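Next comes run09.csv, a file with CSV, C-alpha atoms (C1' of nucleotides).
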chain,number,residue,atom,x,y,z
A,16,MET,CA,18.1,-15.3,1.1
A,17,THR,CA,16.5,-12.1,0.0
A,18,LYS,CA,15.2,-9.7,2.6
A,19,PRO,CA,11.4,-9.8,3.2
A,20,ARG,CA,9.4,-7.1,1.5
A,21,THR,CA,6.9,-5.2,3.5
A,22,THR,CA,5.3,-3.8,0.4
A,23,PHE,CA,3.3,-7.0,0.2
A,24,LEU,CA,1.9,-6.4,3.6
A,25,GLN,CA,-0.5,-3.9,2.1
A,26,GLY,CA,-4.0,-5.2,2.7
A,27,THR,CA,-3.0,-8.2,4.7
A,28,LEU,CA,-2.2,-6.6,8.0
A,29,ASP,CA,-5.8,-6.3,9.0
A,30,MET,CA,-6.3,-10.0,8.3
A,31,LEU,CA,-3.2,-10.9,10.3
A,32,ILE,CA,-4.3,-8.9,13.3
A,33,LEU,CA,-7.8,-10.4,13.1
A,34,LYS,CA,-6.4,-13.8,13.0
A,35,THR,CA,-4.1,-13.1,16.0
A,36,LEU,CA,-7.0,-11.9,18.0
A,37,SER,CA,-9.1,-14.9,17.1
A,38,TRP,CA,-7.1,-16.8,19.7
A,39,GLY,CA,-8.1,-14.4,22.4
A,40,ALA,CA,-7.6,-10.8,23.5
A,41,ARG,CA,-4.2,-9.2,23.1
A,42,HIS,CA,-2.7,-5.8,23.2
A,43,GLY,CA,-1.0,-4.1,20.3
A,44,TYR,CA,2.6,-4.6,21.3
A,45,ALA,CA,1.9,-8.3,21.9
A,46,ILE,CA,0.1,-8.7,18.6
A,47,ALA,CA,3.2,-7.4,16.8
A,48,ARG,CA,5.6,-9.7,18.8
A,49,TRP,CA,3.4,-12.7,18.2
A,50,LEU,CA,3.2,-12.2,14.5
A,51,GLU,CA,7.0,-11.7,14.2
A,52,GLU,CA,7.6,-14.8,16.3
A,53,THR,CA,5.1,-17.0,14.5
A,54,THR,CA,6.7,-16.1,11.1
A,55,ASN,CA,10.3,-16.3,12.4
A,56,ASP,CA,10.6,-12.6,11.7
A,57,ALA,CA,9.7,-13.0,8.1
A,58,LEU,CA,7.1,-10.3,8.9
A,59,GLN,CA,8.1,-7.2,10.6
A,60,ILE,CA,5.3,-5.2,12.1
A,61,GLU,CA,6.1,-1.5,12.3
A,62,GLU,CA,4.4,0.4,15.1
A,63,GLY,CA,3.6,3.1,12.6
A,64,SER,CA,1.5,0.6,10.7
A,65,LEU,CA,0.2,-1.3,13.6
A,66,TYR,CA,-1.4,1.4,15.8
A,67,PRO,CA,-3.2,3.1,12.9
A,68,ALA,CA,-4.4,-0.3,11.8
A,69,LEU,CA,-5.8,-1.0,15.2
A,70,TYR,CA,-7.5,2.4,15.4
A,71,ARG,CA,-9.0,1.9,11.9
A,72,MET,CA,-10.3,-1.6,12.7
A,73,GLU,CA,-11.8,-0.4,16.0
A,74,ARG,CA,-13.6,2.3,14.1
A,75,LYS,CA,-15.0,-0.3,11.7
A,76,GLY,CA,-16.3,-2.3,14.6
A,77,TRP,CA,-14.1,-5.3,14.0
A,78,ILE,CA,-12.3,-5.1,17.3
A,79,GLU,CA,-12.9,-3.4,20.6
A,80,ALA,CA,-10.5,-2.1,23.2
A,81,GLU,CA,-10.3,-2.1,26.9
A,82,TRP,CA,-7.6,-0.6,29.1
A,83,GLY,CA,-5.8,-3.0,31.5
A,84,VAL,CA,-2.5,-3.8,33.0
A,85,SER,CA,0.1,-6.3,31.7
A,86,GLU,CA,1.9,-9.0,33.8
A,87,LEU,CA,4.8,-6.6,33.9
A,88,GLY,CA,2.7,-3.8,35.4
A,89,LYS,CA,2.4,-1.7,32.2
A,90,ARG,CA,-0.8,-0.1,31.1
A,91,ILE,CA,-2.1,-1.9,28.0
A,92,LYS,CA,-4.9,-1.6,25.6
A,93,LEU,CA,-6.4,-5.0,25.3
A,94,TYR,CA,-8.1,-5.7,22.0
A,95,SER,CA,-10.6,-8.4,21.3
A,96,LEU,CA,-12.6,-9.5,18.3
A,97,THR,CA,-16.2,-8.6,17.8
A,98,PRO,CA,-18.7,-10.8,16.0
A,99,LEU,CA,-18.3,-8.4,13.1
A,100,GLY,CA,-14.6,-8.9,13.2
A,101,ARG,CA,-14.9,-12.6,13.2
A,102,LYS,CA,-17.0,-12.4,10.1
A,103,GLN,CA,-14.5,-10.0,8.5
A,104,LEU,CA,-11.8,-12.5,9.2
A,105,ARG,CA,-13.6,-15.2,7.3
A,106,ILE,CA,-14.1,-12.8,4.4
A,107,GLU,CA,-10.5,-11.7,4.2
A,108,ALA,CA,-9.2,-15.2,4.6
A,109,SER,CA,-11.3,-16.3,1.7
A,110,GLN,CA,-10.2,-13.3,-0.5
A,111,TRP,CA,-6.6,-13.9,0.4
A,112,ALA,CA,-6.8,-17.6,-0.6
A,113,GLN,CA,-8.4,-16.6,-3.9
A,114,PHE,CA,-5.7,-14.0,-4.6
A,115,VAL,CA,-2.9,-16.3,-3.7
A,116,ASP,CA,-4.4,-18.9,-6.1
A,117,ALA,CA,-4.6,-16.4,-8.9
A,118,VAL,CA,-1.0,-15.3,-8.5
A,119,ALA,CA,0.1,-18.9,-8.3
A,120,ALA,CA,-1.7,-19.6,-11.6
A,121,VAL,CA,0.3,-16.9,-13.2
A,122,MET,CA,3.6,-17.8,-11.6
A,123,ARG,CA,3.4,-21.5,-12.3
A,124,THR,CA,2.6,-21.1,-16.0
A,125,ALA,CA,5.2,-23.2,-17.8
B,26,MET,CA,-18.0,-16.3,-3.7
B,27,THR,CA,-16.5,-13.1,-2.5
B,28,LYS,CA,-15.4,-10.4,-4.8
B,29,PRO,CA,-11.7,-10.3,-5.5
B,30,ARG,CA,-9.8,-7.6,-3.6
B,31,THR,CA,-7.5,-5.4,-5.5
B,32,THR,CA,-5.9,-4.1,-2.4
B,33,PHE,CA,-3.8,-7.2,-2.3
B,34,LEU,CA,-2.4,-6.4,-5.7
B,35,GLN,CA,-0.1,-3.8,-4.1
B,36,GLY,CA,3.4,-4.8,-4.8
B,37,THR,CA,2.7,-7.9,-6.9
B,38,LEU,CA,1.7,-6.1,-10.1
B,39,ASP,CA,5.3,-5.6,-11.1
B,40,MET,CA,6.0,-9.3,-10.6
B,41,LEU,CA,3.0,-10.4,-12.5
B,42,ILE,CA,3.9,-8.2,-15.4
B,43,LEU,CA,7.5,-9.4,-15.4
B,44,LYS,CA,6.3,-13.0,-15.4
B,45,THR,CA,3.9,-12.3,-18.3
B,46,LEU,CA,6.8,-10.8,-20.3
B,47,SER,CA,9.0,-13.7,-19.5
B,48,TRP,CA,7.1,-15.6,-22.2
B,49,GLY,CA,8.0,-13.0,-24.8
B,50,ALA,CA,7.2,-9.4,-25.8
B,51,ARG,CA,3.7,-8.1,-25.3
B,52,HIS,CA,2.0,-4.8,-25.3
B,53,GLY,CA,0.2,-3.3,-22.3
B,54,TYR,CA,-3.3,-4.0,-23.2
B,55,ALA,CA,-2.4,-7.6,-24.1
B,56,ILE,CA,-0.6,-8.1,-20.7
B,57,ALA,CA,-3.7,-7.1,-18.9
B,58,ARG,CA,-5.9,-9.4,-21.0
B,59,TRP,CA,-3.5,-12.3,-20.5
B,60,LEU,CA,-3.4,-11.8,-16.7
B,61,GLU,CA,-7.2,-11.7,-16.5
B,62,GLU,CA,-7.6,-14.7,-18.7
B,63,THR,CA,-5.0,-16.8,-16.9
B,64,THR,CA,-6.6,-16.1,-13.5
B,65,ASN,CA,-10.2,-16.5,-14.8
B,66,ASP,CA,-10.8,-12.8,-13.9
B,67,ALA,CA,-9.7,-13.3,-10.3
B,68,LEU,CA,-7.3,-10.5,-11.1
B,69,GLN,CA,-8.6,-7.3,-12.7
B,70,ILE,CA,-5.9,-5.1,-14.1
B,71,GLU,CA,-7.0,-1.5,-14.2
B,72,GLU,CA,-5.4,0.6,-16.9
B,73,GLY,CA,-4.8,3.3,-14.3
B,74,SER,CA,-2.5,0.9,-12.5
B,75,LEU,CA,-1.1,-0.9,-15.5
B,76,TYR,CA,0.3,2.0,-17.5
B,77,PRO,CA,2.0,3.8,-14.6
B,78,ALA,CA,3.5,0.4,-13.6
B,79,LEU,CA,4.9,-0.1,-17.1
B,80,TYR,CA,6.3,3.4,-17.1
B,81,ARG,CA,7.9,2.8,-13.7
B,82,MET,CA,9.4,-0.5,-14.7
B,83,GLU,CA,10.8,0.9,-17.9
B,84,ARG,CA,12.5,3.7,-15.9
B,85,LYS,CA,14.0,1.1,-13.7
B,86,GLY,CA,15.4,-0.8,-16.6
B,87,TRP,CA,13.5,-3.9,-16.1
B,88,ILE,CA,11.6,-3.7,-19.4
B,89,GLU,CA,12.0,-1.9,-22.6
B,90,ALA,CA,9.5,-0.7,-25.2
B,91,GLU,CA,9.3,-0.5,-28.9
B,92,TRP,CA,6.5,0.9,-31.0
B,93,GLY,CA,4.8,-1.5,-33.4
B,94,VAL,CA,1.6,-2.4,-35.0
B,95,SER,CA,-0.8,-5.1,-33.8
B,96,GLU,CA,-2.5,-7.7,-36.0
B,97,LEU,CA,-5.6,-5.5,-35.9
B,98,GLY,CA,-3.6,-2.6,-37.3
B,99,LYS,CA,-3.4,-0.6,-34.1
B,100,ARG,CA,-0.3,1.1,-32.9
B,101,ILE,CA,1.1,-0.8,-29.9
B,102,LYS,CA,3.9,-0.3,-27.5
B,103,LEU,CA,5.7,-3.7,-27.3
B,104,TYR,CA,7.4,-4.4,-24.0
B,105,SER,CA,10.1,-6.9,-23.5
B,106,LEU,CA,12.1,-8.1,-20.5
B,107,THR,CA,15.7,-6.9,-20.1
B,108,PRO,CA,18.3,-9.1,-18.4
B,109,LEU,CA,17.9,-6.8,-15.3
B,110,GLY,CA,14.1,-7.5,-15.5
B,111,ARG,CA,14.7,-11.2,-15.6
B,112,LYS,CA,16.8,-10.9,-12.5
B,113,GLN,CA,14.2,-8.8,-10.8
B,114,LEU,CA,11.6,-11.4,-11.6
B,115,ARG,CA,13.6,-14.0,-9.7
B,116,ILE,CA,14.0,-11.7,-6.7
B,117,GLU,CA,10.4,-10.8,-6.5
B,118,ALA,CA,9.2,-14.4,-7.0
B,119,SER,CA,11.4,-15.5,-4.1
B,120,GLN,CA,10.2,-12.6,-1.9
B,121,TRP,CA,6.6,-13.4,-2.8
B,122,ALA,CA,7.0,-17.1,-1.9
B,123,GLN,CA,8.5,-16.1,1.4
B,124,PHE,CA,5.7,-13.7,2.2
B,125,VAL,CA,3.0,-16.2,1.3
B,126,ASP,CA,4.7,-18.8,3.5
B,127,ALA,CA,4.8,-16.3,6.4
B,128,VAL,CA,1.1,-15.4,6.0
B,129,ALA,CA,0.3,-19.1,5.7
B,130,ALA,CA,2.1,-19.8,9.0
B,131,VAL,CA,-0.1,-17.3,10.7
B,132,MET,CA,-3.4,-18.3,9.1
B,133,ARG,CA,-3.0,-22.0,9.6
B,134,THR,CA,-2.2,-21.8,13.3
B,135,ALA,CA,-4.7,-24.0,15.0
C,5,DC,C1',21.7,5.5,42.0
C,6,DA,C1',22.2,6.2,37.2
C,7,DA,C1',22.0,4.4,32.7
C,8,DG,C1',20.3,1.5,29.5
C,9,DC,C1',17.0,-1.6,27.8
C,10,DA,C1',12.5,-3.5,27.1
C,11,DT,C1',7.7,-2.7,27.4
C,12,DA,C1',3.8,-0.1,25.8
C,13,DC,C1',1.5,3.5,23.7
C,14,DC,C1',1.0,7.3,20.0
C,15,DT,C1',1.6,10.8,16.1
C,16,DT,C1',3.3,13.4,12.1
C,17,DG,C1',4.7,13.8,7.4
C,18,DA,C1',6.5,11.7,3.4
C,19,DC,C1',5.8,8.4,0.0
C,20,DA,C1',4.2,4.7,-3.1
C,21,DG,C1',0.9,2.5,-5.6
C,22,DT,C1',-3.9,1.8,-6.9
C,23,DC,C1',-8.4,3.5,-8.4
C,24,DT,C1',-11.8,6.4,-10.6
C,25,DA,C1',-12.8,8.8,-14.2
C,26,DG,C1',-11.8,10.9,-17.5
C,27,DG,C1',-9.5,11.6,-22.4
C,28,DT,C1',-7.7,10.4,-27.6
C,29,DA,C1',-7.7,7.6,-31.9
C,30,DC,C1',-9.1,4.3,-35.1
C,31,DA,C1',-11.2,0.0,-37.0
C,32,DT,C1',-15.0,-3.1,-37.4
C,33,DC,C1',-19.7,-4.5,-37.2
C,34,DC,C1',-24.5,-3.9,-37.4
D,20,DG,C1',-23.9,6.5,-38.1
D,21,DG,C1',-23.5,4.5,-33.6
D,22,DA,C1',-21.8,1.1,-30.7
D,23,DT,C1',-18.1,-1.8,-29.4
D,24,DG,C1',-13.4,-3.3,-29.0
D,25,DT,C1',-8.6,-2.2,-29.3
D,26,DA,C1',-4.9,0.6,-27.6
D,27,DC,C1',-2.8,4.2,-25.4
D,28,DC,C1',-2.5,7.9,-21.6
D,29,DT,C1',-3.2,11.1,-17.4
D,30,DA,C1',-4.9,13.8,-13.3
D,31,DG,C1',-6.4,13.7,-8.8
D,32,DA,C1',-8.0,11.4,-4.8
D,33,DC,C1',-7.2,8.0,-1.6
D,34,DT,C1',-5.3,4.5,1.3
D,35,DG,C1',-1.9,2.3,3.8
D,36,DT,C1',2.9,1.9,5.0
D,37,DC,C1',7.2,3.7,6.8
D,38,DA,C1',10.6,6.5,9.1
D,39,DA,C1',11.3,9.0,12.8
D,40,DG,C1',10.1,11.1,16.2
D,41,DG,C1',7.8,11.4,21.1
D,42,DT,C1',6.0,9.9,26.2
D,43,DA,C1',6.1,6.9,30.3
D,44,DT,C1',7.5,3.3,33.3
D,45,DG,C1',9.7,-0.7,35.2
D,46,DC,C1',13.6,-3.8,35.5
D,47,DT,C1',18.4,-4.9,35.3
D,48,DT,C1',23.2,-4.0,35.6
D,49,DG,C1',27.3,-1.6,36.6
Would you write the structure of this file as structure tokens?
Amino acid sequence: MTKPRTTFLQGTLDMLILKTLSWGARHGYAIARWLEETTNDALQIEEGSLYPALYRMERKGWIEAEWGVSELGKRIKLYSLTPLGRKQLRIEASQWAQFVDAVAAVMRTA
Amino acid sequence: MTKPRTTFLQGTLDMLILKTLSWGARHGYAIARWLEETTNDALQIEEGSLYPALYRMERKGWIEAEWGVSELGKRIKLYSLTPLGRKQLRIEASQWAQFVDAVAAVMRTA
DNA sequence: CAAGCATACCTTGACAGTCTAGGTACATCC
DNA sequence: GGATGTACCTAGACTGTCAAGGTATGCTTG
């Protein structure tokens, strides 16, 4: 079993975050934990990638943040999807599907 | 139909080139044309990405080059897979499959 | 009570890979 | 002779990731 390659993550992190938030608001740390859990740690979300991504996406108007408090009493920055973010998710999901198809077409050539 | 996103290409270009060469030697320009054709132009291979990639891969010992002449009388640099490259192709294909599965697990969550 | 661990946030600097936009050279076709 | 297609290459900008640091706090455990 080969180690997962994070190089592939390039460009998909935004989509994965958008998808995570499509189920409801979450804070950064929780987004990372959820993604890792959902993929059985096949994806590792580094904080140095995560937080800049969140900042980037907020600037683009895809998500918005609100400060709050977690169940454990920690201050958290709760992110939720904007309508624009929801639209962006649809776009990225479609592009991703297309790309995966294209790569599959190359890789399955017999 | 949304435009294909080249951002996703990050990290997969090497694999796609390796796969292309697994069918036999080809020169750079032909590799790009073949990939575009095979994917119905879903993938666009920019020369500014292609040639650096070929150089990189040659340095890593995955491919090797030989100068020749095309059917059209142009000088071409014919690349072929080394045993190391063949091994690398297997590794990358496996990592790619894993990554696609992981993303699928996130995206299909209902 | 102190130490360690998990939660939760953030930033800086290096690095890798892609893209844009150029360039060269030559052959063919109109 | 000019346009187009083949075929190669490169410099510089840019984007996104990663490694490695940092802060703060609450809970558990010895």
Could I get chain B fitted onto chain A (least squares, all C-alpha atoms, in order) as a PDB file with C-alpha atoms, in the frame of the given file?
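Result saved to part-v4.pdb:
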ATOM      1  CA  MET B  26      18.084 -15.267   1.350  1.00  0.00           C
ATOM      2  CA  THR B  27      16.392 -12.125   0.256  1.00  0.00           C
ATOM      3  CA  LYS B  28      15.118  -9.583   2.645  1.00  0.00           C
ATOM      4  CA  PRO B  29      11.416  -9.739   3.327  1.00  0.00           C
ATOM      5  CA  ARG B  30       9.359  -7.095   1.513  1.00  0.00           C
ATOM      6  CA  THR B  31       6.919  -5.112   3.477  1.00  0.00           C
ATOM      7  CA  THR B  32       5.253  -3.803   0.417  1.00  0.00           C
ATOM      8  CA  PHE B  33       3.350  -7.022   0.193  1.00  0.00           C
ATOM      9  CA  LEU B  34       1.891  -6.434   3.611  1.00  0.00           C
ATOM     10  CA  GLN B  35      -0.561  -3.926   2.092  1.00  0.00           C
ATOM     11  CA  GLY B  36      -3.994  -5.166   2.735  1.00  0.00           C
ATOM     12  CA  THR B  37      -3.110  -8.290   4.727  1.00  0.00           C
ATOM     13  CA  LEU B  38      -2.236  -6.548   7.995  1.00  0.00           C
ATOM     14  CA  ASP B  39      -5.864  -6.309   8.991  1.00  0.00           C
ATOM     15  CA  MET B  40      -6.330 -10.025   8.355  1.00  0.00           C
ATOM     16  CA  LEU B  41      -3.274 -11.005  10.232  1.00  0.00           C
ATOM     17  CA  ILE B  42      -4.320  -8.971  13.203  1.00  0.00           C
ATOM     18  CA  LEU B  43      -7.839 -10.392  13.139  1.00  0.00           C
ATOM     19  CA  LYS B  44      -6.417 -13.908  13.017  1.00  0.00           C
ATOM     20  CA  THR B  45      -4.075 -13.165  15.954  1.00  0.00           C
ATOM     21  CA  LEU B  46      -7.071 -11.921  17.990  1.00  0.00           C
ATOM     22  CA  SER B  47      -9.083 -14.922  17.073  1.00  0.00           C
ATOM     23  CA  TRP B  48      -7.078 -16.796  19.715  1.00  0.00           C
ATOM     24  CA  GLY B  49      -8.148 -14.353  22.401  1.00  0.00           C
ATOM     25  CA  ALA B  50      -7.577 -10.749  23.534  1.00  0.00           C
ATOM     26  CA  ARG B  51      -4.163  -9.217  23.101  1.00  0.00           C
ATOM     27  CA  HIS B  52      -2.672  -5.819  23.230  1.00  0.00           C
ATOM     28  CA  GLY B  53      -0.958  -4.103  20.296  1.00  0.00           C
ATOM     29  CA  TYR B  54       2.575  -4.616  21.191  1.00  0.00           C
ATOM     30  CA  ALA B  55       1.898  -8.295  21.956  1.00  0.00           C
ATOM     31  CA  ILE B  56       0.145  -8.783  18.530  1.00  0.00           C
ATOM     32  CA  ALA B  57       3.184  -7.528  16.785  1.00  0.00           C
ATOM     33  CA  ARG B  58       5.515  -9.761  18.814  1.00  0.00           C
ATOM     34  CA  TRP B  59       3.302 -12.785  18.197  1.00  0.00           C
ATOM     35  CA  LEU B  60       3.185 -12.155  14.416  1.00  0.00           C
ATOM     36  CA  GLU B  61       6.972 -11.812  14.243  1.00  0.00           C
ATOM     37  CA  GLU B  62       7.550 -14.859  16.336  1.00  0.00           C
ATOM     38  CA  THR B  63       5.093 -17.050  14.447  1.00  0.00           C
ATOM     39  CA  THR B  64       6.658 -16.130  11.083  1.00  0.00           C
ATOM     40  CA  ASN B  65      10.272 -16.352  12.389  1.00  0.00           C
ATOM     41  CA  ASP B  66      10.643 -12.592  11.626  1.00  0.00           C
ATOM     42  CA  ALA B  67       9.590 -13.029   8.004  1.00  0.00           C
ATOM     43  CA  LEU B  68       7.017 -10.414   8.890  1.00  0.00           C
ATOM     44  CA  GLN B  69       8.109  -7.199  10.611  1.00  0.00           C
ATOM     45  CA  ILE B  70       5.272  -5.223  12.073  1.00  0.00           C
ATOM     46  CA  GLU B  71       6.145  -1.568  12.308  1.00  0.00           C
ATOM     47  CA  GLU B  72       4.408   0.330  15.072  1.00  0.00           C
ATOM     48  CA  GLY B  73       3.650   3.080  12.567  1.00  0.00           C
ATOM     49  CA  SER B  74       1.511   0.608  10.669  1.00  0.00           C
ATOM     50  CA  LEU B  75       0.215  -1.383  13.594  1.00  0.00           C
ATOM     51  CA  TYR B  76      -1.370   1.350  15.689  1.00  0.00           C
ATOM     52  CA  PRO B  77      -3.169   3.145  12.845  1.00  0.00           C
ATOM     53  CA  ALA B  78      -4.450  -0.303  11.715  1.00  0.00           C
ATOM     54  CA  LEU B  79      -5.829  -1.015  15.186  1.00  0.00           C
ATOM     55  CA  TYR B  80      -7.444   2.388  15.304  1.00  0.00           C
ATOM     56  CA  ARG B  81      -8.992   1.813  11.875  1.00  0.00           C
ATOM     57  CA  MET B  82     -10.287  -1.607  12.747  1.00  0.00           C
ATOM     58  CA  GLU B  83     -11.783  -0.414  15.987  1.00  0.00           C
ATOM     59  CA  ARG B  84     -13.647   2.346  14.079  1.00  0.00           C
ATOM     60  CA  LYS B  85     -14.974  -0.261  11.778  1.00  0.00           C
ATOM     61  CA  GLY B  86     -16.263  -2.348  14.600  1.00  0.00           C
ATOM     62  CA  TRP B  87     -14.172  -5.304  14.000  1.00  0.00           C
ATOM     63  CA  ILE B  88     -12.300  -5.106  17.316  1.00  0.00           C
ATOM     64  CA  GLU B  89     -12.823  -3.451  20.576  1.00  0.00           C
ATOM     65  CA  ALA B  90     -10.412  -2.192  23.232  1.00  0.00           C
ATOM     66  CA  GLU B  91     -10.239  -2.114  26.938  1.00  0.00           C
ATOM     67  CA  TRP B  92      -7.539  -0.620  29.104  1.00  0.00           C
ATOM     68  CA  GLY B  93      -5.702  -2.995  31.426  1.00  0.00           C
ATOM     69  CA  VAL B  94      -2.458  -3.751  33.012  1.00  0.00           C
ATOM     70  CA  SER B  95       0.110  -6.252  31.730  1.00  0.00           C
ATOM     71  CA  GLU B  96       1.961  -8.819  33.845  1.00  0.00           C
ATOM     72  CA  LEU B  97       4.918  -6.428  33.842  1.00  0.00           C
ATOM     73  CA  GLY B  98       2.736  -3.711  35.334  1.00  0.00           C
ATOM     74  CA  LYS B  99       2.424  -1.613  32.206  1.00  0.00           C
ATOM     75  CA  ARG B 100      -0.772  -0.066  31.050  1.00  0.00           C
ATOM     76  CA  ILE B 101      -2.040  -1.940  27.975  1.00  0.00           C
ATOM     77  CA  LYS B 102      -4.857  -1.529  25.578  1.00  0.00           C
ATOM     78  CA  LEU B 103      -6.441  -5.024  25.246  1.00  0.00           C
ATOM     79  CA  TYR B 104      -8.082  -5.709  21.913  1.00  0.00           C
ATOM     80  CA  SER B 105     -10.619  -8.352  21.308  1.00  0.00           C
ATOM     81  CA  LEU B 106     -12.529  -9.565  18.255  1.00  0.00           C
ATOM     82  CA  THR B 107     -16.195  -8.577  17.877  1.00  0.00           C
ATOM     83  CA  PRO B 108     -18.647 -10.872  16.084  1.00  0.00           C
ATOM     84  CA  LEU B 109     -18.380  -8.441  13.071  1.00  0.00           C
ATOM     85  CA  GLY B 110     -14.544  -8.910  13.268  1.00  0.00           C
ATOM     86  CA  ARG B 111     -14.913 -12.641  13.232  1.00  0.00           C
ATOM     87  CA  LYS B 112     -17.016 -12.361  10.132  1.00  0.00           C
ATOM     88  CA  GLN B 113     -14.546 -10.043   8.524  1.00  0.00           C
ATOM     89  CA  LEU B 114     -11.792 -12.504   9.246  1.00  0.00           C
ATOM     90  CA  ARG B 115     -13.619 -15.153   7.242  1.00  0.00           C
ATOM     91  CA  ILE B 116     -14.151 -12.775   4.324  1.00  0.00           C
ATOM     92  CA  GLU B 117     -10.613 -11.647   4.178  1.00  0.00           C
ATOM     93  CA  ALA B 118      -9.193 -15.181   4.555  1.00  0.00           C
ATOM     94  CA  SER B 119     -11.310 -16.310   1.605  1.00  0.00           C
ATOM     95  CA  GLN B 120     -10.284 -13.263  -0.483  1.00  0.00           C
ATOM     96  CA  TRP B 121      -6.645 -13.870   0.409  1.00  0.00           C
ATOM     97  CA  ALA B 122      -6.810 -17.553  -0.625  1.00  0.00           C
ATOM     98  CA  GLN B 123      -8.358 -16.529  -3.896  1.00  0.00           C
ATOM     99  CA  PHE B 124      -5.710 -13.933  -4.593  1.00  0.00           C
ATOM    100  CA  VAL B 125      -2.863 -16.291  -3.767  1.00  0.00           C
ATOM    101  CA  ASP B 126      -4.389 -18.910  -6.069  1.00  0.00           C
ATOM    102  CA  ALA B 127      -4.634 -16.318  -8.878  1.00  0.00           C
ATOM    103  CA  VAL B 128      -0.999 -15.205  -8.424  1.00  0.00           C
ATOM    104  CA  ALA B 129       0.029 -18.857  -8.252  1.00  0.00           C
ATOM    105  CA  ALA B 130      -1.712 -19.548 -11.586  1.00  0.00           C
ATOM    106  CA  VAL B 131       0.334 -16.856 -13.182  1.00  0.00           C
ATOM    107  CA  MET B 132       3.684 -17.706 -11.599  1.00  0.00           C
ATOM    108  CA  ARG B 133       3.517 -21.403 -12.234  1.00  0.00           C
ATOM    109  CA  THR B 134       2.720 -21.120 -15.929  1.00  0.00           C
ATOM    110  CA  ALA B 135       5.359 -23.097 -17.692  1.00  0.00           C
TER     111      ALA B 135
END
Residues of chain B within 7 Å of chain D, counting only C-alpha atoms (C1' of nucleotides), what are they? List them as a VMD selection string.
chain B and resid 54 99 101
File of the preceding selection, C-alpha atoms, as an mmCIF file, in the coordinates of the input:
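Written out: again_4.cif:
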data_model
loop_
_atom_site.group_PDB
_atom_site.id
_atom_site.type_symbol
_atom_site.label_atom_id
_atom_site.label_comp_id
_atom_site.auth_asym_id
_atom_site.auth_seq_id
_atom_site.Cartn_x
_atom_site.Cartn_y
_atom_site.Cartn_z
ATOM 1 C CA TYR B 54 -3.300 -4.000 -23.200
ATOM 2 C CA LYS B 99 -3.400 -0.600 -34.100
ATOM 3 C CA ILE B 101 1.100 -0.800 -29.900
#
Could you list, with a cut-off of 10 Å and counting all atoms listed in the file, the residues of chain B near chain C, each shown with its nearest atom pair and the distance in Å rounded to one decimal, rows sorted by chain and ascending number, as CSV?
residue,atom,partner,partner_atom,distance
B:Thr31,CA,C:DT22,C1',8.2
B:Thr32,CA,C:DT22,C1',7.7
B:Leu34,CA,C:DT22,C1',8.4
B:Gln35,CA,C:DG21,C1',6.6
B:Gly36,CA,C:DG21,C1',7.8
B:Leu38,CA,C:DG21,C1',9.7
B:Glu71,CA,C:DC23,C1',7.8
B:Glu72,CA,C:DC23,C1',9.5
B:Gly73,CA,C:DC23,C1',6.9
B:Ser74,CA,C:DT22,C1',5.8
B:Leu75,CA,C:DT22,C1',9.4
B:Pro77,CA,C:DG21,C1',9.2
B:Ala78,CA,C:DG21,C1',8.7
B:Leu97,CA,C:DA31,C1',7.9
B:Gly98,CA,C:DA31,C1',8.0
B:Lys99,CA,C:DC30,C1',7.6
B:Arg100,CA,C:DC30,C1',9.6
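Taking atom CA of A:Lys92 and atom CA of B:Val131 as endpoints, the distance between them is 22.2 Å.
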What's the separation between atom CA of B:Glu117 and atom CA of B:Asp39, in Å to one decimal place?
8.6 Å
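The shortest atom-to-atom distance to chain B, with all atoms listed in the file taken into account, belongs to A:Thr54 out of A:Thr54, A:Gln59, A:Ser85, A:Ser95.
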Contact check, chain A to chain B, at most 8 Å, counting all atoms listed in the file, closest pairs as CSV:
residue,atom,partner,partner_atom,distance
A:Thr17,CA,B:Gln120,CA,6.6
A:Lys18,CA,B:Gln120,CA,7.3
A:Pro19,CA,B:Gln120,CA,5.9
A:Arg20,CA,B:Gln120,CA,6.5
A:Thr22,CA,B:Gly36,CA,5.6
A:Phe23,CA,B:Gly36,CA,5.5
A:Gln25,CA,B:Gln35,CA,6.2
A:Gly26,CA,B:Phe33,CA,5.4
A:Thr27,CA,B:Phe33,CA,7.1
A:Leu31,CA,B:Val131,CA,7.1
A:Lys34,CA,B:Met132,CA,6.7
A:Thr35,CA,B:Val131,CA,7.9
A:Leu50,CA,B:Val131,CA,7.2
A:Thr53,CA,B:Val131,CA,6.4
A:Thr54,CA,B:Ala127,CA,5.1
A:Ala57,CA,B:Ala127,CA,6.1
A:Leu58,CA,B:Ala127,CA,6.9
A:Ile106,CA,B:Thr27,CA,7.3
A:Ala108,CA,B:Met132,CA,8.0
A:Ser109,CA,B:Thr27,CA,7.4
A:Gln110,CA,B:Pro29,CA,6.0
A:Trp111,CA,B:Phe33,CA,7.7
A:Gln113,CA,B:Pro29,CA,7.3
A:Phe114,CA,B:Ala67,CA,7.0
A:Val115,CA,B:Val125,CA,7.7
A:Ala117,CA,B:Thr64,CA,5.0
A:Val118,CA,B:Leu41,CA,7.5
A:Ala120,CA,B:Thr64,CA,6.3
A:Val121,CA,B:Thr63,CA,6.5
A:Met122,CA,B:Lys44,CA,6.7
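Here atom CA of B:Glu91 and atom CA of B:Tyr104 stand 6.5 Å from one another.
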Do a neighbour search on B:Pro108 at 12 Å with all atoms listed in the file, toss out local chain neighbours closer than 2 positions, and write the hits as a ChimeraX atom specification.
/B:43,46-47,86-89,105-106,110-115
Could you work out an axis-aligned bounding box for all listed atoms of stretch 19-28 of chain C, with 4 Å added on each of the six sides, and give its centre and edge lengths in Å to one decimal, as lines of an AutoDock Vina configuration file?
center_x = -3.5
center_y = 6.7
center_z = -13.8
size_x = 26.6
size_y = 17.8
size_z = 35.6
